[in-house]
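Quick notes on the structure that follows.
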Amino acid sequence: MKLPASPEALAAEYGPHPAYAPPGGWEGASRQSVDKLVKTHCCFCGQQCGIQLKVADNKVVGFEPWEEFPFNRGMLCPKGVRRYLQSGHPDRLLSPLVRTEQGFRPTSWDDALATTVTRLRALQEQHGKDAVAVYGGASLTTEKAYLVGKLARVALGTRHVDYNGRLCMVSAGTAYKQVFGVDRSPLPWSDIPEAQVLFIIGANIGECAPITTDHVWRCRDRGGRIIVADPRMTPITRNADLYLPLRPGTDAVLLMSMLHVILRDGLEKRAFIEAHTTGFAEVEASVKGWDPLAAARVTGVPPASIEKAAHWFAEAERAIAMHARGLEHQSKGVENCLALINMTLACGHIGRVGAGCTMITGQGNGQGGREHGQKCDQLPGQRSISDPAARQHVAKVWGIEESALPQAGLSAMEIMEAIHRGEIKGLLSICFNPLVSLPDSAYVREALEKLEFFCVIDFFLSETAQHADVVLAGSLQEEDGGVVCSAEGRVVRIATAVTPPEGARADSAILCELGRRLGQPERFAFASPREIFTELREASRGGVADYAGITYERLEAEMGIFWPCPSEGHPGTPRLFEGGRFYHADGKAHLQAVADRPSGDPVSDEFPTFLTTGRVVSQYLSGTQTRRIGPLHDQCPEPFVELHPRLAAAHGISDGDRVTVTSRRGVLELPAKVVTTIRPDTVFIPYHWPGKRSANVLTHRTLDPRSKIPEFKVSACRIARAAGEPRRLPVVSG
Amino acid sequence: MSDGLAFFVDPSRCIGCRACENACSECDTHRGTPMIHVDYIDRSRSIATTPTVCMHCEDPTCAEVCPADAIKQNVDGVVLSSLKPRCIACSNCVLACPFGVPKMMVRLEQMMKCDMCFDRTSVGKRPMCATVCPSQALSFVSRELIARERREVPVNTFQFGAQEVVTKVHMMAPAGTRAISADQGLSFDVSEHLWEEDPA
Ligand code: SF4
Ligand code: SF4
Ligand code: SF4
């Protein structure tokens, strides 16, 4: 359906309006006396920094560092500092909304819930259960993520449930699961300062995982060497000992070439490889052709730099390879991760202090949100939905027949395609803003307009929610506590610091009420997140992500517990694979050879420049929250096109000029940021904005065949100087 | 003052995140305005950023040039914001400070500057910016810890032409280097790190 009102009218009513002062204003009463300080965690990335929220009058009015929490010891990035400005926000949804001809109209909870249930059921009766899909998100607590999966499979009975982690961790998760038998960082962050070499590829740590910077610098303080591989120099590059400016989409070749050098020079650990891995012969054969000169032609990294990186990494007794979305957001994201694991294990860097490979999880609950059943192919406990034993176990916990449990469904982007094909007609979405975050936004908008019924649960009216028929006013993280799992694999406790404001409801209560109204009163009888967690522990028992031994009390007392934690007496598992034991039945790591292949959107004469997208430190994901926080908005008020002076000169572009960027999907006009810190054949645009400022107008829908992650990091485009007045950018000129 | 702890600034660690500015402006004494600022050294040619915080000079120029004697040092050597009843908002201090620190709060008609979070340090807490800084470019820790764990070394003597300034806050500098802002080796032009068979 089209928008119920003009975008301008919706923006005037629902924002985003940036908020600058705490609830009640700077001088307000709420600021003067604080009722309590609540220990919890930041909602804005997978680091899950410990933070104390100042609460007055059932509002979060400020923050205080929590110096005892061992991961961040008081440190916070600007998002953590300012997150409290969401409390009492003028854009907050304080009633369910229904679409009318004249825009959205507030309605009663009973009406909104009844409409949602009736409309979804009617679609299912007419077109089959799978005509309805459910979207979840990885900023939800693990309890809510668990409910999303259970609601889809038990109450709606649809196969199609997936989540926005499909845009985040799935390439790394797939690769780690295939090689190691488990999808989690193999090491705690306390290992990072212990390494002698850090190899950081496709990870803008300074802006996207800011607290990890301190871990990296402490490694450097102890004499550790830092290697950074990225098409752009991001803030951590300032202290790199070696910088590898690889061409977008050539990560696997760089990694294969490093392994080539390691094997050519006999630096591999043969005894480890033979005792603890399978598949190495194929891996060895696959890197034969990638001598550094051949790799330099593809990657643009000098052969001498490849040699040096390979030697430093392999010759170190302890080295860690760290990666994030740069490596993973590609149509060969899984292969890139496999290539990185192959290199790491060939050197025997795993299962020891200060050695290993690790993914830097992005979203607030990026790790926990993918462990307990909102992923289209997984059941709670990181169990495969196609594994008969797993199905039996979970069906028993849920009190249903195994045969009633749907099989695997479509992934997030594939759900949009099925909507286009007319197969999926109804959608229930929570914690997901696909109109901003999925690639090819014109295509996504068309899908949303095609839906026959669309219900969104959210606390602010996101750009996606503007297309809904019914909007259910949900809760902020601090209003509906539970647990989340951090990038390290540490499960931590999110406190319920305040209750939702009048008119809004806790997400978990909304999901349960939908389950009850969909005819499952006993299976959604939970009165609190604690009751959900109790069932989740059982559902996870014996699975890979085993939470059976974790309790809220233990999490608070022990400042988090690393899973697996199979029993209450178990201390948890900060470091995986000690002694070279992996999670497959044979105890070995199953290495897989990879081969290079082109991106899904190759550069050509018509589109000769690489486009890569990413983040800035002051924004979180699609910006639904952070574009409403004044100081974060002001820190980077709009997107820009970052390009090298050499490329700029070729097109007559100066800093601050308006530039059009054209891809095979669309056109965008943004101000130029001319800097020497990016490859001259590549432009970069941060993606947090909607509409005419959305980088995803340009990106393409090619998915990794295994992980189904879109290729945000490699597109083809052409640039030109736009007509009109140049606009000076404060960041570059200031 | 928190016992035995001192303030150390290491610009080479800074990632430009502005957590320090955001956290500083949360302070109840200068709500909404940070007393610390972060700048790009030259964004067109580098990603390097640097925080500027009051260095708390032993003989503060800001106080020396103040015609109203409004800027005081406390017993711990912390140089405080101007005394509201005395400050005539003349901006002499703003112009004279060698590090560019004091700010004229036009609305309040008073000079305000970093007082090293006197409200926090006086009750045993660390200053806000140094607590939150994710890179620990700003640290409030013991000298022993700095000596044991850092590769850079603290310096607190600065030369501004003929004027030598000794400060309470320490600046971290590469060991054995005299110049505080010594550039490290890496070029920030990506094109100088590339392999190009036929450079265009
Ligand atoms: S966004 Fe991440 S790094 Fe920043 S404070 Fe929150 S958890 Fe910490
Ligand atoms: S750094 Fe500037 S403001 Fe701070 S004490 Fe020295 S002269 Fe005064
Ligand atoms: S908080 Fe630290 S890293 Fe961030 S801008 Fe300030 S000094 Fe730099």
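Numbering starts fresh at 1 for the residues of each chain in the structure tokens, the chains themselves are lettered A, B, ... in the order given, and ligands are numbered from 1 as they appear.
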### Task
Could you please tell me, as a ChimeraX atom specification, which residues of chain B have an atom within 7 Å of chain A when using only C-alpha atoms?
/B:15,17-19,22-23,43-48,131-136,149-151,188-191,193-196
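Distance-wise, CA of Glu531 in chain A and CA of Ser386 in chain A end up 27.2 Å apart.
In this structure, CA of Glu401 in chain A sits 12.9 Å away from CA of Ala389 in chain A.
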Kindly provide, as a compact mmCIF listing (two decimals) with C-alpha atoms, in the first residue's frame, all nucleotide and amino acid residues lying within 10 Å of ligand 2, counting only C-alpha atoms and all ligand atoms.
# COMPACT_ATOMS: atom_id res chain seq x y z
CA THR B 52 41.94 19.40 23.32
CA VAL B 53 41.41 19.57 27.04
CA CYS B 54 42.64 22.08 29.61
CA MET B 55 46.21 21.18 30.52
CA HIS B 56 45.91 22.78 33.99
CA CYS B 57 49.13 24.80 33.78
CA GLU B 58 51.21 25.21 36.91
CA ASP B 59 51.38 28.96 36.17
CA PRO B 60 48.22 29.40 34.15
CA THR B 61 48.44 32.10 31.50
CA CYS B 62 44.66 32.39 31.54
CA ALA B 63 44.75 33.49 35.17
CA GLU B 64 47.75 35.77 34.64
CA VAL B 65 46.02 37.77 31.94
CA ILE B 71 40.45 32.49 37.53
CA LYS B 72 41.64 30.48 40.52
CA GLN B 73 43.62 27.34 41.05
CA GLY B 77 46.42 22.62 41.06
CA VAL B 78 43.21 22.40 39.08
CA VAL B 79 42.50 25.66 37.23
CA LEU B 80 38.82 26.44 37.64
CA SER B 81 36.23 28.27 35.55
CA CYS B 93 41.89 34.27 28.83
CA VAL B 94 40.30 32.86 25.69
CA LEU B 95 42.88 34.66 23.57
CA ALA B 96 45.87 34.06 25.82
CA CYS B 97 45.66 30.36 26.57
CA PRO B 98 48.42 28.64 24.58
CA PHE B 99 46.29 25.51 24.16
CA GLY B 100 43.06 27.24 23.06
CA VAL B 101 40.93 25.98 25.91
CA PRO B 102 38.67 28.54 27.68
CA LYS B 103 35.23 29.27 26.25
CA MET B 111 34.26 32.14 30.97
CA MET B 112 33.93 28.44 31.51
CA LYS B 113 36.55 25.80 31.07
CA CYS B 114 37.41 22.27 32.00
CA ASP B 115 37.80 21.96 35.77
CA MET B 116 38.78 18.31 35.49
CA VAL B 165 54.73 25.87 30.23
CA VAL B 166 54.57 23.10 32.80
CA THR B 167 51.21 21.41 33.18
CA LYS B 168 49.35 19.12 35.54
CA VAL B 169 47.94 17.12 32.63
### Task
Taking the DSSP assignment computed from this structure's backbone, write out as a VMD selection string all residues of range 163-322 of chain A that belong to helix (DSSP H, G or I).
chain A and resid 164 to 167 170 to 180 189 to 194 205 to 208 212 to 221 235 to 239 251 to 264 270 to 276 280 to 287 292 to 299 303 to 315
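When only C-alpha atoms and all ligand atoms are used to compute distances to ligand 3, the closest of the residues B:Arg107, B:Arg143, B:His37, B:His30 turns out to be B:His37.
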### Task
Identify, on the basis of only C-alpha atoms, every residue whose closest approach to Val498 in chain A does not exceed 9 Å; exclude the query and any residue fewer than 6 positions from it along the same chain; express the result as a VMD selection string.
chain A and resid 55 57 to 60 478 to 480
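Taking only C-alpha atoms into account, Glu143 in chain A lies nearest to A:Arg537 out of the set A:His584, A:Arg537, A:Lys332, A:Lys2.
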